[in-house]
Each structure stands twice: as C-alpha cells, then as structure tokens.
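Structure file work24.json with JSON, C-alpha atoms:
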[["chain", "number", "residue", "atom", "x", "y", "z"],
["A", 1, "MET", "CA", -33.75, -54.38, -43.06],
["A", 2, "LYS", "CA", -30.23, -55.32, -44.13],
["A", 3, "ARG", "CA", -30.09, -52.33, -46.51],
["A", 4, "LYS", "CA", -31.34, -50.03, -43.73],
["A", 5, "LEU", "CA", -28.60, -51.22, -41.36],
["A", 6, "LEU", "CA", -26.00, -50.69, -44.08],
["A", 7, "ASN", "CA", -27.28, -47.13, -44.62],
["A", 8, "ILE", "CA", -27.10, -46.39, -40.89],
["A", 9, "PHE", "CA", -23.60, -47.84, -40.73],
["A", 10, "SER", "CA", -22.55, -45.70, -43.69],
["A", 11, "ILE", "CA", -23.91, -42.55, -42.05],
["A", 12, "LEU", "CA", -22.13, -43.32, -38.79],
["A", 13, "LEU", "CA", -18.90, -44.04, -40.63],
["A", 14, "LEU", "CA", -19.07, -40.79, -42.58],
["A", 15, "THR", "CA", -19.93, -38.83, -39.43],
["A", 16, "GLY", "CA", -16.99, -40.37, -37.63],
["A", 17, "LEU", "CA", -14.66, -39.46, -40.47],
["A", 18, "ALA", "CA", -15.93, -35.89, -40.76],
["A", 19, "LEU", "CA", -14.45, -34.62, -37.48],
["A", 20, "PRO", "CA", -10.91, -35.89, -38.04],
["A", 21, "ALA", "CA", -11.01, -34.45, -41.56],
["A", 22, "SER", "CA", -11.94, -31.01, -40.21],
["A", 23, "ALA", "CA", -9.13, -31.24, -37.70],
["A", 24, "GLN", "CA", -6.65, -32.23, -40.40],
["A", 25, "SER", "CA", -7.56, -29.20, -42.54],
["A", 26, "TYR", "CA", -7.36, -26.87, -39.53],
["A", 27, "PRO", "CA", -6.09, -24.21, -39.66],
["A", 28, "ASN", "CA", -6.52, -22.72, -43.11],
["A", 29, "LYS", "CA", -6.82, -19.06, -42.10],
["A", 30, "THR", "CA", -5.72, -16.65, -39.36],
["A", 31, "ILE", "CA", -6.30, -17.69, -35.73],
["A", 32, "ARG", "CA", -7.14, -14.96, -33.22],
["A", 33, "ILE", "CA", -6.33, -15.14, -29.51],
["A", 34, "LEU", "CA", -8.41, -12.61, -27.56],
["A", 35, "VAL", "CA", -6.84, -11.13, -24.43],
["A", 36, "GLY", "CA", -9.21, -9.49, -21.96],
["A", 37, "PHE", "CA", -6.70, -6.89, -20.80],
["A", 38, "ALA", "CA", -4.66, -4.01, -22.18],
["A", 39, "PRO", "CA", -1.19, -4.77, -23.59],
["A", 40, "GLY", "CA", 1.70, -5.15, -21.19],
["A", 41, "GLY", "CA", 0.39, -7.58, -18.58],
["A", 42, "SER", "CA", 1.43, -11.18, -18.03],
["A", 43, "THR", "CA", -1.62, -12.65, -19.82],
["A", 44, "ASP", "CA", -0.89, -10.50, -22.86],
["A", 45, "ILE", "CA", 2.84, -11.29, -22.87],
["A", 46, "LEU", "CA", 2.27, -15.04, -22.51],
["A", 47, "ALA", "CA", -0.35, -15.05, -25.28],
["A", 48, "ARG", "CA", 1.98, -13.18, -27.65],
["A", 49, "LEU", "CA", 4.86, -15.57, -27.03],
["A", 50, "ILE", "CA", 2.59, -18.54, -27.74],
["A", 51, "ALA", "CA", 1.12, -16.88, -30.84],
["A", 52, "GLN", "CA", 4.58, -16.12, -32.20],
["A", 53, "GLU", "CA", 5.73, -19.74, -31.88],
["A", 54, "MET", "CA", 2.45, -21.20, -33.14],
["A", 55, "THR", "CA", 2.66, -19.08, -36.28],
["A", 56, "LYS", "CA", 5.96, -20.80, -37.12],
["A", 57, "ASN", "CA", 4.43, -24.25, -36.69],
["A", 58, "VAL", "CA", 0.89, -24.20, -38.10],
["A", 59, "GLY", "CA", 1.45, -22.42, -41.41],
["A", 60, "GLN", "CA", -1.04, -19.64, -40.60],
["A", 61, "GLN", "CA", -0.87, -16.35, -38.75],
["A", 62, "VAL", "CA", -1.79, -16.51, -35.06],
["A", 63, "VAL", "CA", -2.51, -13.00, -33.80],
["A", 64, "VAL", "CA", -3.36, -11.50, -30.42],
["A", 65, "GLU", "CA", -6.22, -9.03, -30.07],
["A", 66, "ASN", "CA", -6.67, -7.04, -26.86],
["A", 67, "ARG", "CA", -10.28, -6.56, -25.76],
["A", 68, "PRO", "CA", -9.90, -5.05, -22.28],
["A", 69, "GLY", "CA", -12.65, -4.32, -19.80],
["A", 70, "ALA", "CA", -14.87, -5.79, -17.08],
["A", 71, "GLY", "CA", -12.04, -7.82, -15.58],
["A", 72, "GLY", "CA", -11.60, -9.85, -18.76],
["A", 73, "ASN", "CA", -15.31, -10.55, -19.24],
["A", 74, "ILE", "CA", -15.61, -8.63, -22.52],
["A", 75, "ALA", "CA", -13.16, -10.95, -24.24],
["A", 76, "ALA", "CA", -14.80, -13.99, -22.62],
["A", 77, "GLU", "CA", -18.20, -12.92, -23.97],
["A", 78, "LEU", "CA", -16.84, -12.41, -27.48],
["A", 79, "VAL", "CA", -15.24, -15.86, -27.48],
["A", 80, "SER", "CA", -18.37, -17.54, -26.08],
["A", 81, "LYS", "CA", -20.41, -16.11, -28.98],
["A", 82, "ALA", "CA", -17.83, -16.87, -31.70],
["A", 83, "PRO", "CA", -18.20, -19.82, -34.09],
["A", 84, "PRO", "CA", -16.75, -22.94, -32.43],
["A", 85, "ASP", "CA", -14.33, -23.57, -35.28],
["A", 86, "GLY", "CA", -10.98, -22.98, -33.56],
["A", 87, "TYR", "CA", -10.29, -19.63, -35.21],
["A", 88, "THR", "CA", -11.27, -17.52, -32.19],
["A", 89, "LEU", "CA", -9.43, -18.53, -29.03],
["A", 90, "HIS", "CA", -9.24, -16.96, -25.61],
["A", 91, "ALA", "CA", -6.31, -16.28, -23.30],
["A", 92, "CYS", "CA", -8.51, -17.34, -20.39],
["A", 93, "THR", "CA", -7.64, -16.58, -16.78],
["A", 94, "THR", "CA", -8.50, -17.36, -13.18],
["A", 95, "GLY", "CA", -10.91, -14.44, -13.08],
["A", 96, "VAL", "CA", -13.06, -15.58, -16.00],
["A", 97, "PHE", "CA", -13.67, -19.08, -14.66],
["A", 98, "ALA", "CA", -13.14, -19.07, -10.92],
["A", 99, "ILE", "CA", -13.92, -15.52, -9.73],
["A", 100, "ALA", "CA", -16.37, -13.79, -12.08],
["A", 101, "PRO", "CA", -19.21, -16.31, -11.51],
["A", 102, "TYR", "CA", -19.21, -15.42, -7.81],
["A", 103, "ILE", "CA", -18.44, -11.71, -7.85],
["A", 104, "TYR", "CA", -20.79, -10.59, -10.65],
["A", 105, "SER", "CA", -24.56, -10.76, -10.20],
["A", 106, "LYS", "CA", -24.91, -11.53, -13.91],
["A", 107, "LEU", "CA", -22.43, -12.59, -16.58],
["A", 108, "PRO", "CA", -22.73, -12.15, -20.38],
["A", 109, "TYR", "CA", -21.35, -15.66, -20.88],
["A", 110, "ASP", "CA", -21.71, -19.09, -19.31],
["A", 111, "PRO", "CA", -18.31, -20.04, -17.82],
["A", 112, "GLU", "CA", -19.23, -23.74, -17.79],
["A", 113, "LYS", "CA", -20.93, -24.16, -21.18],
["A", 114, "GLY", "CA", -19.92, -21.08, -23.16],
["A", 115, "ILE", "CA", -16.17, -21.55, -22.94],
["A", 116, "ALA", "CA", -14.23, -24.76, -23.61],
["A", 117, "PRO", "CA", -10.96, -25.30, -21.68],
["A", 118, "ILE", "CA", -8.12, -26.42, -23.97],
["A", 119, "THR", "CA", -4.89, -26.19, -21.98],
["A", 120, "GLN", "CA", -3.47, -24.41, -18.97],
["A", 121, "THR", "CA", -0.46, -22.48, -20.19],
["A", 122, "GLY", "CA", 1.05, -21.15, -17.00],
["A", 123, "MET", "CA", 0.98, -20.76, -13.23],
["A", 124, "LEU", "CA", 1.61, -17.17, -12.18],
["A", 125, "PRO", "CA", 2.39, -16.23, -8.58],
["A", 126, "TYR", "CA", 1.99, -12.61, -7.57],
["A", 127, "ILE", "CA", 4.51, -10.29, -5.98],
["A", 128, "ILE", "CA", 3.51, -7.38, -3.78],
["A", 129, "VAL", "CA", 4.97, -4.28, -5.38],
["A", 130, "MET", "CA", 4.85, -0.92, -3.64],
["A", 131, "HIS", "CA", 5.62, 2.72, -4.38],
["A", 132, "PRO", "CA", 8.90, 3.80, -2.69],
["A", 133, "SER", "CA", 7.09, 6.60, -0.81],
["A", 134, "LEU", "CA", 5.73, 4.03, 1.64],
["A", 135, "PRO", "CA", 8.52, 3.25, 4.16],
["A", 136, "ALA", "CA", 7.78, -0.48, 4.65],
["A", 137, "LYS", "CA", 10.69, -2.81, 3.88],
["A", 138, "ASN", "CA", 8.78, -6.09, 4.26],
["A", 139, "VAL", "CA", 5.28, -7.54, 4.65],
["A", 140, "LYS", "CA", 5.21, -7.21, 8.46],
["A", 141, "GLU", "CA", 6.12, -3.52, 8.31],
["A", 142, "PHE", "CA", 3.52, -2.89, 5.63],
["A", 143, "ILE", "CA", 0.78, -4.58, 7.67],
["A", 144, "ALA", "CA", 1.69, -2.40, 10.66],
["A", 145, "ILE", "CA", 1.43, 0.76, 8.52],
["A", 146, "ALA", "CA", -1.89, -0.35, 6.99],
["A", 147, "LYS", "CA", -3.37, -1.09, 10.42],
["A", 148, "ALA", "CA", -2.42, 2.42, 11.53],
["A", 149, "ARG", "CA", -4.13, 3.87, 8.43],
["A", 150, "PRO", "CA", -7.34, 1.84, 7.95],
["A", 151, "GLY", "CA", -8.85, 2.44, 4.50],
["A", 152, "GLN", "CA", -6.18, 4.96, 3.53],
["A", 153, "ILE", "CA", -3.96, 2.60, 1.53],
["A", 154, "ASN", "CA", -5.03, 2.59, -2.13],
["A", 155, "TYR", "CA", -4.16, -0.58, -4.04],
["A", 156, "ALA", "CA", -4.41, -1.13, -7.78],
["A", 157, "SER", "CA", -5.57, -4.17, -9.72],
["A", 158, "SER", "CA", -5.89, -5.12, -13.38],
["A", 159, "GLY", "CA", -9.69, -5.03, -13.04],
["A", 160, "VAL", "CA", -12.63, -5.79, -10.80],
["A", 161, "GLY", "CA", -12.96, -9.51, -10.24],
["A", 162, "THR", "CA", -9.48, -10.38, -11.51],
["A", 163, "ALA", "CA", -7.10, -12.59, -9.57],
["A", 164, "SER", "CA", -4.99, -9.49, -8.96],
["A", 165, "HIS", "CA", -7.97, -7.89, -7.18],
["A", 166, "LEU", "CA", -8.99, -10.97, -5.18],
["A", 167, "SER", "CA", -5.41, -11.86, -4.20],
["A", 168, "ALA", "CA", -5.10, -8.44, -2.57],
["A", 169, "ALA", "CA", -8.52, -8.91, -0.94],
["A", 170, "LEU", "CA", -7.39, -12.31, 0.39],
["A", 171, "PHE", "CA", -4.23, -10.69, 1.76],
["A", 172, "ALA", "CA", -6.26, -7.96, 3.47],
["A", 173, "THR", "CA", -8.55, -10.52, 5.09],
["A", 174, "ALA", "CA", -5.65, -12.74, 6.19],
["A", 175, "SER", "CA", -3.70, -9.84, 7.70],
["A", 176, "GLY", "CA", -6.66, -8.02, 9.23],
["A", 177, "ILE", "CA", -6.17, -4.75, 7.35],
["A", 178, "SER", "CA", -8.51, -2.49, 5.38],
["A", 179, "MET", "CA", -7.43, -1.08, 1.99],
["A", 180, "THR", "CA", -9.21, 0.80, -0.82],
["A", 181, "HIS", "CA", -9.41, -0.92, -4.21],
["A", 182, "VAL", "CA", -8.72, 1.06, -7.39],
["A", 183, "PRO", "CA", -9.42, -1.10, -10.47],
["A", 184, "TYR", "CA", -7.91, -0.51, -13.93],
["A", 185, "LYS", "CA", -8.48, -1.93, -17.42],
["A", 186, "GLY", "CA", -5.29, -3.94, -17.39],
["A", 187, "THR", "CA", -1.89, -4.16, -15.76],
["A", 188, "GLY", "CA", -0.19, -1.54, -17.95],
["A", 189, "ASN", "CA", -2.50, 1.30, -16.86],
["A", 190, "ALA", "CA", -2.35, 0.24, -13.22],
["A", 191, "MET", "CA", 1.45, 0.06, -13.31],
["A", 192, "SER", "CA", 1.70, 3.62, -14.67],
["A", 193, "ASP", "CA", -0.34, 5.02, -11.77],
["A", 194, "LEU", "CA", 1.52, 2.87, -9.26],
["A", 195, "MET", "CA", 4.87, 4.28, -10.39],
["A", 196, "GLY", "CA", 3.33, 7.76, -10.36],
["A", 197, "GLY", "CA", 2.19, 7.36, -6.75],
["A", 198, "GLN", "CA", -1.55, 7.70, -7.42],
["A", 199, "VAL", "CA", -1.85, 4.24, -5.82],
["A", 200, "VAL", "CA", 0.77, 2.72, -3.54],
["A", 201, "LEU", "CA", 0.39, -1.07, -3.77],
["A", 202, "MET", "CA", -0.44, -3.83, -6.21],
["A", 203, "PHE", "CA", -0.45, -7.61, -6.43],
["A", 204, "ASP", "CA", 1.14, -8.14, -9.83],
["A", 205, "GLN", "CA", 3.00, -10.81, -11.77],
["A", 206, "PRO", "CA", 6.81, -10.43, -11.88],
["A", 207, "VAL", "CA", 6.96, -10.19, -15.69],
["A", 208, "SER", "CA", 5.34, -6.75, -15.72],
["A", 209, "SER", "CA", 6.63, -5.32, -12.44],
["A", 210, "MET", "CA", 10.16, -6.65, -11.80],
["A", 211, "PRO", "CA", 11.74, -4.38, -14.46],
["A", 212, "HIS", "CA", 10.47, -1.40, -12.45],
["A", 213, "VAL", "CA", 11.76, -2.95, -9.21],
["A", 214, "GLN", "CA", 15.18, -3.36, -10.79],
["A", 215, "THR", "CA", 15.28, 0.34, -11.75],
["A", 216, "GLY", "CA", 14.23, 1.42, -8.26],
["A", 217, "LYS", "CA", 10.84, 2.81, -9.29],
["A", 218, "LEU", "CA", 9.05, 0.20, -7.18],
["A", 219, "LYS", "CA", 9.81, -1.99, -4.15],
["A", 220, "VAL", "CA", 8.94, -5.67, -3.80],
["A", 221, "LEU", "CA", 7.77, -7.02, -0.43],
["A", 222, "GLY", "CA", 7.10, -10.69, -1.10],
["A", 223, "ILE", "CA", 5.78, -13.39, -3.41],
["A", 224, "SER", "CA", 2.42, -15.18, -3.06],
["A", 225, "SER", "CA", 3.55, -18.76, -3.68],
["A", 226, "LEU", "CA", 4.06, -21.12, -0.74],
["A", 227, "LYS", "CA", 7.68, -21.67, -1.78],
["A", 228, "ARG", "CA", 10.15, -19.18, -3.20],
["A", 229, "PHE", "CA", 10.10, -19.11, -6.99],
["A", 230, "SER", "CA", 12.96, -20.99, -8.65],
["A", 231, "THR", "CA", 14.35, -18.01, -10.57],
["A", 232, "MET", "CA", 13.63, -15.41, -7.85],
["A", 233, "GLN", "CA", 15.00, -17.00, -4.72],
["A", 234, "GLU", "CA", 15.85, -13.58, -3.29],
["A", 235, "ILE", "CA", 12.14, -12.68, -2.88],
["A", 236, "PRO", "CA", 10.72, -14.08, 0.39],
["A", 237, "THR", "CA", 7.22, -15.55, 0.40],
["A", 238, "ILE", "CA", 4.34, -13.77, 2.10],
["A", 239, "ALA", "CA", 3.79, -16.98, 4.05],
["A", 240, "GLU", "CA", 7.23, -16.80, 5.67],
["A", 241, "GLN", "CA", 6.68, -13.17, 6.69],
["A", 242, "GLY", "CA", 3.99, -13.68, 9.27],
["A", 243, "LEU", "CA", 1.09, -15.16, 7.27],
["A", 244, "PRO", "CA", 1.78, -18.92, 7.30],
["A", 245, "GLY", "CA", -0.06, -20.88, 4.61],
["A", 246, "PHE", "CA", -0.85, -17.79, 2.52],
["A", 247, "GLU", "CA", -1.01, -18.62, -1.18],
["A", 248, "ALA", "CA", -2.55, -16.77, -4.12],
["A", 249, "ILE", "CA", -1.62, -18.22, -7.50],
["A", 250, "SER", "CA", -3.28, -17.12, -10.70],
["A", 251, "TRP", "CA", -3.17, -19.11, -13.92],
["A", 252, "ALA", "CA", -3.58, -18.56, -17.61],
["A", 253, "GLY", "CA", -4.76, -20.86, -20.35],
["A", 254, "ILE", "CA", -6.06, -21.18, -23.87],
["A", 255, "CYS", "CA", -9.79, -21.76, -24.35],
["A", 256, "GLY", "CA", -12.27, -21.85, -27.21],
["A", 257, "PRO", "CA", -16.00, -21.29, -27.60],
["A", 258, "GLY", "CA", -18.26, -23.89, -26.02],
["A", 259, "GLY", "CA", -19.15, -26.64, -28.47],
["A", 260, "THR", "CA", -15.77, -26.67, -30.21],
["A", 261, "ALA", "CA", -15.23, -30.15, -31.72],
["A", 262, "LYS", "CA", -12.88, -32.41, -29.78],
["A", 263, "PRO", "CA", -10.46, -32.89, -32.72],
["A", 264, "ILE", "CA", -10.05, -29.10, -32.98],
["A", 265, "ILE", "CA", -9.52, -28.82, -29.23],
["A", 266, "ASP", "CA", -6.93, -31.58, -29.35],
["A", 267, "ARG", "CA", -5.12, -29.94, -32.28],
["A", 268, "VAL", "CA", -4.88, -26.60, -30.46],
["A", 269, "TYR", "CA", -3.80, -28.34, -27.26],
["A", 270, "ASN", "CA", -1.04, -30.24, -29.07],
["A", 271, "GLU", "CA", 0.24, -27.09, -30.78],
["A", 272, "VAL", "CA", 0.29, -25.04, -27.57],
["A", 273, "ALA", "CA", 1.85, -27.89, -25.57],
["A", 274, "LYS", "CA", 4.55, -28.18, -28.24],
["A", 275, "VAL", "CA", 5.30, -24.45, -27.90],
["A", 276, "LEU", "CA", 5.56, -24.69, -24.11],
["A", 277, "LYS", "CA", 8.23, -27.39, -24.44],
["A", 278, "VAL", "CA", 10.60, -25.17, -26.44],
["A", 279, "PRO", "CA", 13.62, -24.79, -24.09],
["A", 280, "GLU", "CA", 14.27, -21.14, -24.92],
["A", 281, "LEU", "CA", 10.62, -20.24, -24.33],
["A", 282, "ARG", "CA", 10.47, -22.18, -21.05],
["A", 283, "ASP", "CA", 13.60, -20.41, -19.83],
["A", 284, "ARG", "CA", 12.14, -17.04, -20.79],
["A", 285, "LEU", "CA", 8.87, -17.76, -18.95],
["A", 286, "LEU", "CA", 10.63, -18.93, -15.79],
["A", 287, "ARG", "CA", 12.82, -15.82, -15.80],
["A", 288, "ASP", "CA", 9.61, -13.77, -16.00],
["A", 289, "GLY", "CA", 8.04, -15.61, -13.06],
["A", 290, "ILE", "CA", 5.72, -17.82, -15.11],
["A", 291, "GLU", "CA", 5.79, -21.59, -14.62],
["A", 292, "PRO", "CA", 4.88, -23.31, -17.93],
["A", 293, "VAL", "CA", 2.20, -26.02, -17.68],
["A", 294, "GLY", "CA", 0.70, -27.39, -20.93],
["A", 295, "SER", "CA", -1.96, -29.62, -19.32],
["A", 296, "THR", "CA", -4.46, -31.69, -21.30],
["A", 297, "PRO", "CA", -8.02, -30.37, -21.79],
["A", 298, "GLU", "CA", -9.24, -32.87, -19.21],
["A", 299, "GLN", "CA", -6.59, -31.89, -16.66],
["A", 300, "TYR", "CA", -7.33, -28.23, -17.21],
["A", 301, "ALA", "CA", -11.07, -28.75, -16.72],
["A", 302, "GLU", "CA", -10.39, -30.57, -13.44],
["A", 303, "HIS", "CA", -8.06, -27.79, -12.27],
["A", 304, "ILE", "CA", -10.75, -25.20, -13.00],
["A", 305, "LYS", "CA", -13.29, -27.09, -10.86],
["A", 306, "LYS", "CA", -10.92, -27.04, -7.89],
["A", 307, "GLU", "CA", -10.12, -23.36, -8.39],
["A", 308, "MET", "CA", -13.81, -22.46, -8.51],
["A", 309, "ILE", "CA", -14.23, -23.94, -5.04],
["A", 310, "LYS", "CA", -11.20, -22.07, -3.68],
["A", 311, "TRP", "CA", -11.94, -18.64, -5.13],
["A", 312, "SER", "CA", -15.68, -18.71, -4.42],
["A", 313, "LYS", "CA", -14.75, -18.86, -0.73],
["A", 314, "VAL", "CA", -12.32, -15.94, -1.14],
["A", 315, "VAL", "CA", -15.06, -13.87, -2.78],
["A", 316, "LYS", "CA", -17.51, -14.74, 0.00],
["A", 317, "ASP", "CA", -15.03, -13.99, 2.80],
["A", 318, "SER", "CA", -13.94, -10.69, 1.22],
["A", 319, "GLY", "CA", -17.48, -9.47, 0.58],
["A", 320, "ALA", "CA", -16.46, -8.36, -2.92],
["A", 321, "ARG", "CA", -19.40, -7.88, -5.27],
["A", 322, "VAL", "CA", -20.17, -6.25, -8.61],
["A", 323, "ASP", "CA", -23.81, -5.61, -9.57]]
As structure tokens, the full file:
Amino acid sequence: MKRKLLNIFSILLLTGLALPASAQSYPNKTIRILVGFAPGGSTDILARLIAQEMTKNVGQQVVVENRPGAGGNIAAELVSKAPPDGYTLHACTTGVFAIAPYIYSKLPYDPEKGIAPITQTGMLPYIIVMHPSLPAKNVKEFIAIAKARPGQINYASSGVGTASHLSAALFATASGISMTHVPYKGTGNAMSDLMGGQVVLMFDQPVSSMPHVQTGKLKVLGISSLKRFSTMQEIPTIAEQGLPGFEAISWAGICGPGGTAKPIIDRVYNEVAKVLKVPELRDRLLRDGIEPVGSTPEQYAEHIKKEMIKWSKVVKDSGARVD
C-alpha cells in the first residue's frame, strides 16, 4: 500500500512538472497569428504591431496570416482545429465570440469550447465615415437624409456578422432609418469602394479611415463611444448628436485553440501584455483610435460573457440573420 501511494505521488509530481516544463520551452518555432480579414483593417494592423514586438522578445518569429471570409469565421475555424500548443493563435474579435453565435444558424467552430481567450488587446470605437457626395455634415443631417430615402443608402461593412455590420444595424434601429448592407471580405476592400462612391457610409475604426478623412476623400460624422476619444477630441460622439446613450465598441484580442494548457496561455498573455505596455506602441495605438487593454485570461473571458449578452440583443432587435 505504501509503495502504491508513493507511485501515485510520483506520477502526480511528474504530471505537475510537465506543464511548466512545456511552458518554459515554449516557443521553439514560429508562432502564427491568424487574422480573419484582409490586410489593412484595425484587427490586422494591431496583430502586426503585436507580432513585431513579440518577435523581438521571444526569440522566435511571430507572423501574421490573413484568412479572410465569413466575417472572420474562417480564421476562427482554423484556430479551433489547430493543435493546442500555442503555435497557432487568433486575432479574435467581437464578431467571432459575441455576434456570430446569434447571427449564423450554424458555426464551424464552438465559440465557448473551441477557442480559448488569452488577452483582450484593444478597445476600438467606430467612427461613421461617409462619401463626400452625400451632403450631410453631422449625424442629425444624415438621419434626415436617410429617412427621406428609405433603403436607398448603401453602407459597407468588413463582413456579415462583424461588429462593423452590427454597429451600423444598431445605429439604424436607434435612429429609425432603413439602409442596405453591402458586406466585404475585410476593411481594405470596403474602404476602396467607399472612396469610389459605390457605397456611401461605413462604421469603421479610425486607424483605417482617418487618413482618408484627412485627405478629404471621406467625411467623418461622429464616433461611437459614449465619450470623445482622448486623441480625437474634435470628433463628436453619436450620443451627443441626438442619440443619447448610443455606444458601439468593438474589441480585439489574442486567443488560442480550446484545450490549450494554462501555462502556455499564461506565457502568451504575459508576452502580449508586455508588448502593450511599451510606451511608443501605446502612443501609436491611441493615435490610431485604439485603446490598449492587456487583460488577464480570466478578465477577458468575463468580458466576453457580458458582450455576448449585449450583442445577442442587438442581433435580435436588428433581425440580422445568416443561414
């Protein structure tokens, strides 16, 4: 009996030591971060900045791979089916966790078990950007025009079921207007058509649209945060332009496949959190309209739960659905 207990103790001890050892040897090859959208959008830009800094710190290459389509679900599926060893990560978004489960009749991944939250990297408010051909100078004027042209205003998004799509749907519901949704496979493609006038409006993050506002190719009507953004005080909120309480904030994070060992998750979290504390990087993100976060895995998981409640109601109220 005594020998049996010693054997059990030895097994438990070795098992307990195995996980920290795997974390200590991680990483020993290239790490991939999959982005579910085409290059050029905020999720892609944020992932590349993180990958660049992580490469300097971990002694291995950290690369970004774009796998656009289905509102980010293609990348989410690939990550959910990857080995849970920390070498395939996901630049996960609001859409993957908090919108897709309610807008799609069937998903190729399980958002609760197939993907492991690691850290929230940023909070990203939207700005309403518009083609100059539309004469509105502010949100109130735009709403008046849209009400006079029900269904005739075409708005772009970075994909069906993305936060860009649902933020515009929330805005339409809150303002009592009807618009026509034109989805794209990422922000870059949508932005090209917006500047070309094929669509006239988009809810987009400042990082990808403000350069075009500054050159006069687009106009900005307002920002979707409750308060004006610290580095863009000149942009009034949507809430202060006739829709009190309006808020539509998307977020980005880093996730891994479900079943990833806790020591690996903690190692990735610590590395990403370290990157987000670099003063130059933080300043760059704030200038681009991205508020750095760097939450723990537990905090991120709790945030996702709250966001699922919020966005499920938006999906229901908007009637948006993808079969």
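Across the model, the gap from CA of Trp251 (chain A) to CA of Gln60 (chain A) is 26.8 Å.
Proximity to Pro183 (chain A) was assessed for A:Ala136, A:Val160, A:Val207, A:Leu107 counting all atoms listed in the file; the smallest distance is recorded for A:Val160.
Take the candidates A:Ala252, A:Ile103, A:Met123, A:Val220 and check each one against Ala91 (chain A) using only C-alpha atoms; the shortest distance goes to A:Ala252.
Considering all atoms listed in the file, the residue among A:Ser133, A:Gln198, A:Val139, A:Pro244 positioned nearest to Lys217 (chain A) is A:Ser133.
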Could you work out how far CA of Lys310 (chain A) lies from CA of Thr187 (chain A), giving the answer in Å with one decimal? 23.5 Å
Exercise: Leu276 (chain A) partners within 12 Å, only C-alpha atoms, chain neighbours under 4 positions left out, as a ChimeraX atom specification: /A:46-47,49-54,119-122,253,269-272,280-286,290-295
